[in-house]
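What follows is the content of model39.pdb, which has PDB, C-alpha atoms:
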```
ATOM      1  CA  MET A1499     -42.121 -80.080  39.710
ATOM      2  CA  SER A1500     -43.054 -76.740  39.159
ATOM      3  CA  ALA A1501     -40.912 -74.634  37.159
ATOM      4  CA  GLU A1502     -40.450 -71.275  38.335
ATOM      5  CA  ALA A1503     -40.440 -68.594  35.806
ATOM      6  CA  ALA A1504     -37.062 -67.326  34.973
ATOM      7  CA  PRO A1505     -36.433 -63.882  36.200
ATOM      8  CA  PRO A1506     -36.978 -61.267  33.562
ATOM      9  CA  ILE A1507     -33.876 -60.199  31.755
ATOM     10  CA  PRO A1508     -33.171 -56.613  32.473
ATOM     11  CA  PRO A1509     -33.128 -54.430  29.371
ATOM     12  CA  VAL A1510     -29.712 -53.587  28.012
ATOM     13  CA  PRO A1511     -29.106 -49.921  28.543
ATOM     14  CA  GLN A1512     -29.019 -48.105  25.269
ATOM     15  CA  THR A1513     -26.105 -45.736  24.890
ATOM     16  CA  PRO A1514     -27.275 -42.643  23.218
ATOM     17  CA  ALA A1515     -25.787 -42.027  19.811
ATOM     18  CA  PRO A1516     -23.143 -39.339  19.870
ATOM     19  CA  PRO A1517     -24.404 -36.043  18.584
ATOM     20  CA  PRO A1518     -23.506 -35.421  14.969
ATOM     21  CA  THR A1519     -20.394 -33.345  14.458
ATOM     22  CA  ASN A1520     -19.222 -31.071  11.724
ATOM     23  CA  GLY A1521     -15.447 -31.050  11.894
ATOM     24  CA  LEU A1522     -15.086 -28.783   8.907
ATOM     25  CA  GLY A1523     -17.455 -26.259  10.493
ATOM     26  CA  LEU A1524     -15.472 -26.350  13.732
ATOM     27  CA  ALA A1525     -12.209 -25.941  11.802
ATOM     28  CA  GLY A1526     -13.626 -22.983   9.849
ATOM     29  CA  PHE A1527     -14.806 -21.371  13.079
ATOM     30  CA  ILE A1528     -11.414 -21.812  14.767
ATOM     31  CA  VAL A1529      -9.442 -20.543  11.768
ATOM     32  CA  SER A1530     -11.743 -17.527  11.422
ATOM     33  CA  LEU A1531     -11.600 -16.673  15.128
ATOM     34  CA  VAL A1532      -7.845 -17.142  15.453
ATOM     35  CA  GLY A1533      -7.311 -15.281  12.169
ATOM     36  CA  LEU A1534      -9.330 -12.327  13.407
ATOM     37  CA  ILE A1535      -7.603 -12.163  16.771
ATOM     38  CA  LEU A1536      -4.006 -12.962  15.861
ATOM     39  CA  THR A1537      -3.614 -11.777  12.260
ATOM     40  CA  CYS A1538      -6.017  -8.815  12.038
ATOM     41  CA  GLY A1539      -8.139 -10.813   9.620
ATOM     42  CA  VAL A1540      -5.440 -11.813   7.154
ATOM     43  CA  VAL A1541      -6.177 -15.551   7.633
ATOM     44  CA  CYS A1542      -9.955 -15.068   7.857
ATOM     45  CA  PRO A1543     -10.634 -15.759   4.169
ATOM     46  CA  VAL A1544      -9.387 -19.328   4.743
ATOM     47  CA  GLY A1545     -11.780 -19.744   7.685
ATOM     48  CA  LEU A1546     -14.576 -18.223   5.619
ATOM     49  CA  VAL A1547     -14.077 -20.717   2.783
ATOM     50  CA  LEU A1548     -13.913 -23.676   5.189
ATOM     51  CA  SER A1549     -17.071 -22.508   6.932
ATOM     52  CA  LEU A1550     -18.952 -22.020   3.670
ATOM     53  CA  PHE A1551     -18.157 -25.583   2.614
ATOM     54  CA  ALA A1552     -19.178 -26.801   6.079
ATOM     55  CA  LEU A1553     -22.628 -25.238   5.718
ATOM     56  CA  ARG A1554     -23.585 -28.238   3.569
ATOM     57  CA  LYS A1555     -23.437 -30.567   6.566
ATOM     58  CA  GLU A1556     -25.369 -30.702   9.836
ATOM     59  CA  PRO A1557     -24.937 -29.293  12.461
ATOM     60  CA  ARG A1558     -24.334 -25.886  11.063
ATOM     61  CA  GLY A1559     -23.775 -23.835  14.240
ATOM     62  CA  PHE A1560     -19.999 -23.569  14.098
ATOM     63  CA  ALA A1561     -20.108 -23.263  10.313
ATOM     64  CA  ILE A1562     -22.446 -20.256  10.520
ATOM     65  CA  ALA A1563     -20.370 -18.646  13.258
ATOM     66  CA  GLY A1564     -17.167 -19.281  11.291
ATOM     67  CA  ALA A1565     -18.680 -17.827   8.144
ATOM     68  CA  VAL A1566     -19.800 -14.660   9.943
ATOM     69  CA  ILE A1567     -16.470 -14.183  11.739
ATOM     70  CA  GLY A1568     -14.569 -15.050   8.556
ATOM     71  CA  ALA A1569     -16.530 -12.483   6.543
ATOM     72  CA  ILE A1570     -16.038  -9.768   9.157
ATOM     73  CA  GLY A1571     -12.336 -10.573   9.473
ATOM     74  CA  SER A1572     -11.888 -10.645   5.698
ATOM     75  CA  LEU A1573     -13.481  -7.210   5.342
ATOM     76  CA  PHE A1574     -11.336  -5.930   8.198
ATOM     77  CA  ALA A1575      -8.211  -7.295   6.499
ATOM     78  CA  ILE A1576      -9.174  -5.629   3.213
ATOM     79  CA  VAL A1577      -9.608  -2.288   4.989
ATOM     80  CA  VAL A1578      -6.310  -2.646   6.871
ATOM     81  CA  VAL A1579      -4.365  -3.702   3.770
ATOM     82  CA  GLY A1580      -5.988  -0.899   1.755
ATOM     83  CA  ALA A1581      -5.054   1.643   4.409
ATOM     84  CA  ILE A1582      -1.465   0.388   4.466
ATOM     85  CA  VAL A1583      -1.232   0.579   0.679
ATOM     86  CA  MET A1584      -2.572   4.142   0.737
ATOM     87  CA  LEU A1585      -0.128   5.179   3.472
ATOM     88  CA  VAL A1586       2.792   3.676   1.575
ATOM     89  CA  ALA A1587       1.677   5.442  -1.612
ATOM     90  CA  GLU A1588       1.330   8.750   0.230
ATOM     91  CA  GLY A1589       4.717   8.246   1.855
ATOM     92  CA  LYS A1590       6.300   7.575  -1.517
ATOM     93  CA  GLU A1591       4.671  10.706  -2.919
ATOM     94  CA  ALA A1592       5.899  12.712   0.084
ATOM     95  CA  VAL A1593       9.434  11.457  -0.456
ATOM     96  CA  LEU A1594       9.297  12.352  -4.143
ATOM     97  CA  HIS A1595       8.067  15.858  -3.335
ATOM     98  CA  GLY A1596      10.074  16.326  -0.143
ATOM     99  CA  ALA A1597      13.720  15.330  -0.016
ATOM    100  CA  GLY A1598      13.209  13.547  -3.321
ATOM    101  CA  GLY A1599      12.110  16.855  -4.807
ATOM    102  CA  GLN A1600      15.504  18.300  -3.961
ATOM    103  CA  LEU A1601      17.285  15.366  -5.587
ATOM    104  CA  GLN A1602      15.171  15.700  -8.721
ATOM    105  CA  THR A1603      15.929  19.410  -8.714
ATOM    106  CA  VAL A1604      19.680  18.742  -8.666
ATOM    107  CA  PHE A1605      19.285  16.552 -11.747
ATOM    108  CA  ALA A1606      17.110  19.171 -13.455
ATOM    109  CA  LEU A1607      19.622  21.940 -12.723
ATOM    110  CA  THR A1608      22.428  19.808 -14.159
ATOM    111  CA  GLU A1609      20.397  19.047 -17.282
ATOM    112  CA  ALA A1610      19.548  22.751 -17.765
ATOM    113  CA  GLU A1611      23.173  23.739 -17.251
ATOM    114  CA  GLN A1612      24.269  21.224 -19.894
ATOM    115  CA  THR A1613      21.630  22.543 -22.303
ATOM    116  CA  ILE A1614      22.935  26.105 -21.910
ATOM    117  CA  GLU A1615      26.562  24.901 -22.241
ATOM    118  CA  MET A1616      25.678  23.117 -25.497
ATOM    119  CA  GLU A1617      24.074  26.301 -26.846
ATOM    120  CA  LYS A1618      27.192  28.266 -25.853
ATOM    121  CA  ALA A1619      29.418  25.698 -27.599
ATOM    122  CA  GLU A1620      27.342  25.919 -30.801
ATOM    123  CA  LYS A1621      26.972  29.726 -30.928
ATOM    124  CA  GLY A1622      30.225  30.732 -29.223
ATOM    125  CA  ARG A1623      28.365  32.797 -26.620
ATOM    126  CA  LEU A1624      25.740  32.439 -23.920
ATOM    127  CA  PRO A1625      22.115  32.877 -24.989
ATOM    128  CA  ASP A1626      20.300  35.960 -23.804
ATOM    129  CA  GLU A1627      17.859  35.591 -20.918
ATOM    130  CA  SER A1628      14.779  35.109 -23.087
ATOM    131  CA  HIS A1629      16.323  32.511 -25.388
ATOM    132  CA  GLY A1630      18.005  30.687 -22.481
ATOM    133  CA  ASN A1631      14.694  30.383 -20.641
ATOM    134  CA  GLU A1632      13.092  29.037 -23.826
ATOM    135  CA  LEU A1633      15.845  26.411 -24.089
ATOM    136  CA  ILE A1634      15.215  25.100 -20.568
ATOM    137  CA  ALA A1635      11.426  25.606 -20.470
ATOM    138  CA  GLN A1636      10.743  21.854 -20.731
ATOM    139  CA  ILE A1637      13.011  21.017 -17.777
ATOM    140  CA  HIS A1638      11.217  21.038 -14.419
ATOM    141  CA  ASP A1639      12.493  20.886 -10.865
ATOM    142  CA  GLY A1640      11.417  18.308  -8.281
ATOM    143  CA  TRP A1641       8.245  20.266  -7.600
ATOM    144  CA  LYS A1642       7.179  20.301 -11.281
ATOM    145  CA  ARG A1643       8.037  23.982 -11.772
ATOM    146  CA  THR A1644      10.069  25.581 -14.550
ATOM    147  CA  LEU A1645      13.594  26.725 -13.893
ATOM    148  CA  ARG A1646      14.977  30.225 -14.451
ATOM    149  CA  TYR A1647      18.049  31.058 -16.535
ATOM    150  CA  GLU A1648      19.965  34.149 -15.353
ATOM    151  CA  PRO A1649      22.946  35.173 -17.580
ATOM    152  CA  ARG A1650      25.700  37.444 -16.276
ATOM    153  CA  ASP A1651      28.862  38.463 -18.113
ATOM    154  CA  ASP A1652      30.521  35.228 -19.161
ATOM    155  CA  ALA A1653      28.664  32.995 -16.653
ATOM    156  CA  PHE A1654      25.106  32.110 -15.764
ATOM    157  CA  THR A1655      22.926  30.734 -13.008
ATOM    158  CA  ILE A1656      20.107  28.260 -13.296
ATOM    159  CA  ARG A1657      17.621  28.692 -10.453
ATOM    160  CA  SER A1658      14.777  26.646  -8.997
ATOM    161  CA  ALA A1659      12.245  28.456  -6.832
ATOM    162  CA  GLY A1660      12.461  25.611  -4.327
ATOM    163  CA  PRO A1661       9.642  23.939  -2.425
ATOM    164  CA  ASP A1662       7.676  27.157  -1.833
ATOM    165  CA  GLY A1663       7.687  28.166  -5.519
ATOM    166  CA  VAL A1664       8.907  31.716  -4.809
ATOM    167  CA  PHE A1665      12.130  32.908  -6.441
ATOM    168  CA  GLY A1666      14.636  34.915  -4.427
ATOM    169  CA  ASN A1667      14.253  33.566  -0.915
ATOM    170  CA  GLY A1668      16.310  31.131   1.140
ATOM    171  CA  ASP A1669      14.992  27.864  -0.270
ATOM    172  CA  ASP A1670      16.024  28.462  -3.886
ATOM    173  CA  GLU A1671      18.278  25.822  -5.435
ATOM    174  CA  THR A1672      20.899  27.077  -7.887
ATOM    175  CA  SER A1673      23.511  25.810 -10.284
ATOM    176  CA  ASP A1674      26.186  28.274 -11.264
ATOM    177  CA  GLY A1675      27.299  27.814 -14.845
ATOM    178  CA  LYS A1676      30.879  28.340 -15.937
TER     179      LYS A1676
END
```
Final structure tokens representation of the file:
Amino acid sequence: MSAEAAPPIPPVPQTPAPPPTNGLGLAGFIVSLVGLILTCGVVCPVGLVLSLFALRKEPRGFAIAGAVIGAIGSLFAIVVVGAIVMLVAEGKEAVLHGAGGQLQTVFALTEAEQTIEMEKAEKGRLPDESHGNELIAQIHDGWKRTLRYEPRDDAFTIRSAGPDGVFGNGDDETSDGK
């Protein structure tokens, strides 16, 4: 009997190996991109750090992209936060020199009036204009200007030149002493 040759066994198809992945790189990319778009870069430093760690592993595509986007977003966030801080600081300064300047002036006028009243209590009379102005020379209004003491008969006025720094016009602040 003749033996027939067995049919050749077909080769087993080889499944290609899945491409290598870099989950940390992908995560860094996503966090950087979402942070840039949704948070104006505030979250980007997290994506930047993840991406930098992911650069140690292949493939590096998403890690590089995440690092670039994370760096750009981080710089953007620093600029935005810096601008906000500057605006808040300027706003605070404007309040102190605007309406806050008037409030500080009220306190300064009260302090100057009390200083003159104390001098009157000690000496039994109001100081003359020169001496009164010397007594209150260290007291400044809300705009960092000296006040003016104006005696008259048995009373006096303490005057601030107001925001414009000019005495005798409509924006002067006064405190009439007793």
Q. How would you write, as number ranges by chain, the residues chosen by the PyMOL selection byres ((chain A and resi 1609-1619) around 12) on this structure?
A. A: 1602-1608, 1620-1627, 1629-1639, 1644-1649, 1652-1658, 1672-1676
Applying 9 Å and only C-alpha atoms, which residues near range 1517-1529 of chain A remain after dropping the ones on its own chain fewer than 6 positions away? List them as a count of residues only. 26
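In terms of minimum interatomic distance to Cys1538 in chain A, A:Gly1571 ranks closest within A:Gly1666, A:Gly1660, A:Gly1571, A:Gly1599, counting only C-alpha atoms.
Across the model, the gap from CA of Ser1628 in chain A to CA of Asp1670 in chain A is 20.4 Å.
What separates CA of Ser1530 in chain A from CA of Ala1575 in chain A is a distance of 11.9 Å.
Within 7 Å of Ser1572 in chain A, once only C-alpha atoms are used and residues closer than 5 positions along the same chain are dropped, the contacting residues are Gly1539, Val1540, Cys1542 and Pro1543 of chain A.
Comparing the minimum interatomic distances between Phe1574 in chain A and each of A:Leu1601, A:Gly1533, A:Arg1554, A:Val1586, counting only C-alpha atoms, we find that A:Gly1533 sits nearest.
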Grab all the atoms of range 1537-1541 of chain A that the file lists, wrap them in a box along x, y and z, add 3 Å per side, and give me centre plus edge lengths in Å (one decimal) as lines of an AutoDock Vina configuration file.
```
center_x = -5.9
center_y = -12.2
center_z = 9.7
size_x = 10.5
size_y = 12.7
size_z = 11.1
```
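Of the residues listed (A:Ile1582, A:Ile1507, A:Ile1535, A:Ala1659), A:Ala1659 shows the shortest atom-to-atom separation from Gly1640 in chain A; distances use only C-alpha atoms.
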Can you give me N, CA and C atoms for range 1637-1673 of chain A, written as a PDB file, keeping the file's coordinate frame?
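Result file is rebuild_26.pdb:
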```pdb
ATOM      1  N   ILE A1637      12.345  21.673 -18.908  1.00  0.00           N
ATOM      2  CA  ILE A1637      13.011  21.017 -17.777  1.00  0.00           C
ATOM      3  C   ILE A1637      12.377  21.548 -16.490  1.00  0.00           C
ATOM      4  N   HIS A1638      11.900  20.635 -15.649  1.00  0.00           N
ATOM      5  CA  HIS A1638      11.217  21.038 -14.419  1.00  0.00           C
ATOM      6  C   HIS A1638      11.959  20.521 -13.193  1.00  0.00           C
ATOM      7  N   ASP A1639      11.851  21.295 -12.113  1.00  0.00           N
ATOM      8  CA  ASP A1639      12.493  20.886 -10.865  1.00  0.00           C
ATOM      9  C   ASP A1639      11.682  19.779 -10.185  1.00  0.00           C
ATOM     10  N   GLY A1640      12.086  19.390  -9.003  1.00  0.00           N
ATOM     11  CA  GLY A1640      11.417  18.308  -8.281  1.00  0.00           C
ATOM     12  C   GLY A1640      10.012  18.630  -7.837  1.00  0.00           C
ATOM     13  N   TRP A1641       9.601  19.864  -7.984  1.00  0.00           N
ATOM     14  CA  TRP A1641       8.245  20.266  -7.600  1.00  0.00           C
ATOM     15  C   TRP A1641       7.417  20.609  -8.835  1.00  0.00           C
ATOM     16  N   LYS A1642       7.881  20.166 -10.001  1.00  0.00           N
ATOM     17  CA  LYS A1642       7.179  20.301 -11.281  1.00  0.00           C
ATOM     18  C   LYS A1642       7.056  21.755 -11.734  1.00  0.00           C
ATOM     19  N   ARG A1643       8.050  22.577 -11.362  1.00  0.00           N
ATOM     20  CA  ARG A1643       8.037  23.982 -11.772  1.00  0.00           C
ATOM     21  C   ARG A1643       9.189  24.247 -12.739  1.00  0.00           C
ATOM     22  N   THR A1644       9.007  25.240 -13.597  1.00  0.00           N
ATOM     23  CA  THR A1644      10.069  25.581 -14.550  1.00  0.00           C
ATOM     24  C   THR A1644      11.237  26.253 -13.816  1.00  0.00           C
ATOM     25  N   LEU A1645      12.380  26.118 -14.429  1.00  0.00           N
ATOM     26  CA  LEU A1645      13.594  26.725 -13.893  1.00  0.00           C
ATOM     27  C   LEU A1645      13.784  28.112 -14.504  1.00  0.00           C
ATOM     28  N   ARG A1646      14.699  28.885 -13.931  1.00  0.00           N
ATOM     29  CA  ARG A1646      14.977  30.225 -14.451  1.00  0.00           C
ATOM     30  C   ARG A1646      16.458  30.305 -14.834  1.00  0.00           C
ATOM     31  N   TYR A1647      16.696  30.818 -16.032  1.00  0.00           N
ATOM     32  CA  TYR A1647      18.049  31.058 -16.535  1.00  0.00           C
ATOM     33  C   TYR A1647      18.380  32.522 -16.307  1.00  0.00           C
ATOM     34  N   GLU A1648      19.546  32.778 -15.651  1.00  0.00           N
ATOM     35  CA  GLU A1648      19.965  34.149 -15.353  1.00  0.00           C
ATOM     36  C   GLU A1648      21.399  34.343 -15.862  1.00  0.00           C
ATOM     37  N   PRO A1649      21.586  34.959 -17.069  1.00  0.00           N
ATOM     38  CA  PRO A1649      22.946  35.173 -17.580  1.00  0.00           C
ATOM     39  C   PRO A1649      23.600  36.371 -16.908  1.00  0.00           C
ATOM     40  N   ARG A1650      24.934  36.309 -16.781  1.00  0.00           N
ATOM     41  CA  ARG A1650      25.700  37.444 -16.276  1.00  0.00           C
ATOM     42  C   ARG A1650      27.118  37.357 -16.849  1.00  0.00           C
ATOM     43  N   ASP A1651      27.544  38.389 -17.472  1.00  0.00           N
ATOM     44  CA  ASP A1651      28.862  38.463 -18.113  1.00  0.00           C
ATOM     45  C   ASP A1651      29.159  37.190 -18.898  1.00  0.00           C
ATOM     46  N   ASP A1652      30.140  36.436 -18.447  1.00  0.00           N
ATOM     47  CA  ASP A1652      30.521  35.228 -19.161  1.00  0.00           C
ATOM     48  C   ASP A1652      30.080  33.977 -18.388  1.00  0.00           C
ATOM     49  N   ALA A1653      29.151  34.119 -17.467  1.00  0.00           N
ATOM     50  CA  ALA A1653      28.664  32.995 -16.653  1.00  0.00           C
ATOM     51  C   ALA A1653      27.137  33.060 -16.587  1.00  0.00           C
ATOM     52  N   PHE A1654      26.570  32.126 -15.905  1.00  0.00           N
ATOM     53  CA  PHE A1654      25.106  32.110 -15.764  1.00  0.00           C
ATOM     54  C   PHE A1654      24.723  31.318 -14.520  1.00  0.00           C
ATOM     55  N   THR A1655      23.488  31.496 -14.125  1.00  0.00           N
ATOM     56  CA  THR A1655      22.926  30.734 -13.008  1.00  0.00           C
ATOM     57  C   THR A1655      21.615  30.133 -13.474  1.00  0.00           C
ATOM     58  N   ILE A1656      21.413  28.891 -13.100  1.00  0.00           N
ATOM     59  CA  ILE A1656      20.107  28.260 -13.296  1.00  0.00           C
ATOM     60  C   ILE A1656      19.497  28.171 -11.903  1.00  0.00           C
ATOM     61  N   ARG A1657      18.243  28.604 -11.772  1.00  0.00           N
ATOM     62  CA  ARG A1657      17.621  28.692 -10.453  1.00  0.00           C
ATOM     63  C   ARG A1657      16.284  27.959 -10.416  1.00  0.00           C
ATOM     64  N   SER A1658      16.082  27.239  -9.313  1.00  0.00           N
ATOM     65  CA  SER A1658      14.777  26.646  -8.997  1.00  0.00           C
ATOM     66  C   SER A1658      14.190  27.460  -7.862  1.00  0.00           C
ATOM     67  N   ALA A1659      12.895  27.685  -7.891  1.00  0.00           N
ATOM     68  CA  ALA A1659      12.245  28.456  -6.832  1.00  0.00           C
ATOM     69  C   ALA A1659      12.147  27.676  -5.523  1.00  0.00           C
ATOM     70  N   GLY A1660      12.490  26.410  -5.552  1.00  0.00           N
ATOM     71  CA  GLY A1660      12.461  25.611  -4.327  1.00  0.00           C
ATOM     72  C   GLY A1660      11.061  25.144  -3.980  1.00  0.00           C
ATOM     73  N   PRO A1661      10.932  24.533  -2.811  1.00  0.00           N
ATOM     74  CA  PRO A1661       9.642  23.939  -2.425  1.00  0.00           C
ATOM     75  C   PRO A1661       8.483  24.931  -2.350  1.00  0.00           C
ATOM     76  N   ASP A1662       8.779  26.197  -1.981  1.00  0.00           N
ATOM     77  CA  ASP A1662       7.676  27.157  -1.833  1.00  0.00           C
ATOM     78  C   ASP A1662       7.266  27.810  -3.146  1.00  0.00           C
ATOM     79  N   GLY A1663       8.048  27.629  -4.212  1.00  0.00           N
ATOM     80  CA  GLY A1663       7.687  28.166  -5.519  1.00  0.00           C
ATOM     81  C   GLY A1663       7.931  29.652  -5.688  1.00  0.00           C
ATOM     82  N   VAL A1664       8.647  30.280  -4.746  1.00  0.00           N
ATOM     83  CA  VAL A1664       8.907  31.716  -4.809  1.00  0.00           C
ATOM     84  C   VAL A1664      10.401  31.923  -5.051  1.00  0.00           C
ATOM     85  N   PHE A1665      10.727  32.620  -6.139  1.00  0.00           N
ATOM     86  CA  PHE A1665      12.130  32.908  -6.441  1.00  0.00           C
ATOM     87  C   PHE A1665      12.670  33.975  -5.497  1.00  0.00           C
ATOM     88  N   GLY A1666      13.943  33.849  -5.145  1.00  0.00           N
ATOM     89  CA  GLY A1666      14.636  34.915  -4.427  1.00  0.00           C
ATOM     90  C   GLY A1666      14.621  34.807  -2.910  1.00  0.00           C
ATOM     91  N   ASN A1667      14.162  33.710  -2.365  1.00  0.00           N
ATOM     92  CA  ASN A1667      14.253  33.566  -0.915  1.00  0.00           C
ATOM     93  C   ASN A1667      15.188  32.408  -0.568  1.00  0.00           C
ATOM     94  N   GLY A1668      15.292  32.067   0.673  1.00  0.00           N
ATOM     95  CA  GLY A1668      16.310  31.131   1.140  1.00  0.00           C
ATOM     96  C   GLY A1668      16.216  29.699   0.672  1.00  0.00           C
ATOM     97  N   ASP A1669      15.094  29.282   0.110  1.00  0.00           N
ATOM     98  CA  ASP A1669      14.992  27.864  -0.270  1.00  0.00           C
ATOM     99  C   ASP A1669      15.264  27.618  -1.741  1.00  0.00           C
ATOM    100  N   ASP A1670      15.704  28.649  -2.463  1.00  0.00           N
ATOM    101  CA  ASP A1670      16.024  28.462  -3.886  1.00  0.00           C
ATOM    102  C   ASP A1670      17.219  27.511  -4.029  1.00  0.00           C
ATOM    103  N   GLU A1671      17.167  26.695  -5.070  1.00  0.00           N
ATOM    104  CA  GLU A1671      18.278  25.822  -5.435  1.00  0.00           C
ATOM    105  C   GLU A1671      18.895  26.421  -6.692  1.00  0.00           C
ATOM    106  N   THR A1672      20.242  26.475  -6.722  1.00  0.00           N
ATOM    107  CA  THR A1672      20.899  27.077  -7.887  1.00  0.00           C
ATOM    108  C   THR A1672      22.031  26.207  -8.396  1.00  0.00           C
ATOM    109  N   SER A1673      22.351  26.423  -9.645  1.00  0.00           N
ATOM    110  CA  SER A1673      23.511  25.810 -10.284  1.00  0.00           C
ATOM    111  C   SER A1673      24.219  26.915 -11.021  1.00  0.00           C
TER     112      SER A1673
END
```
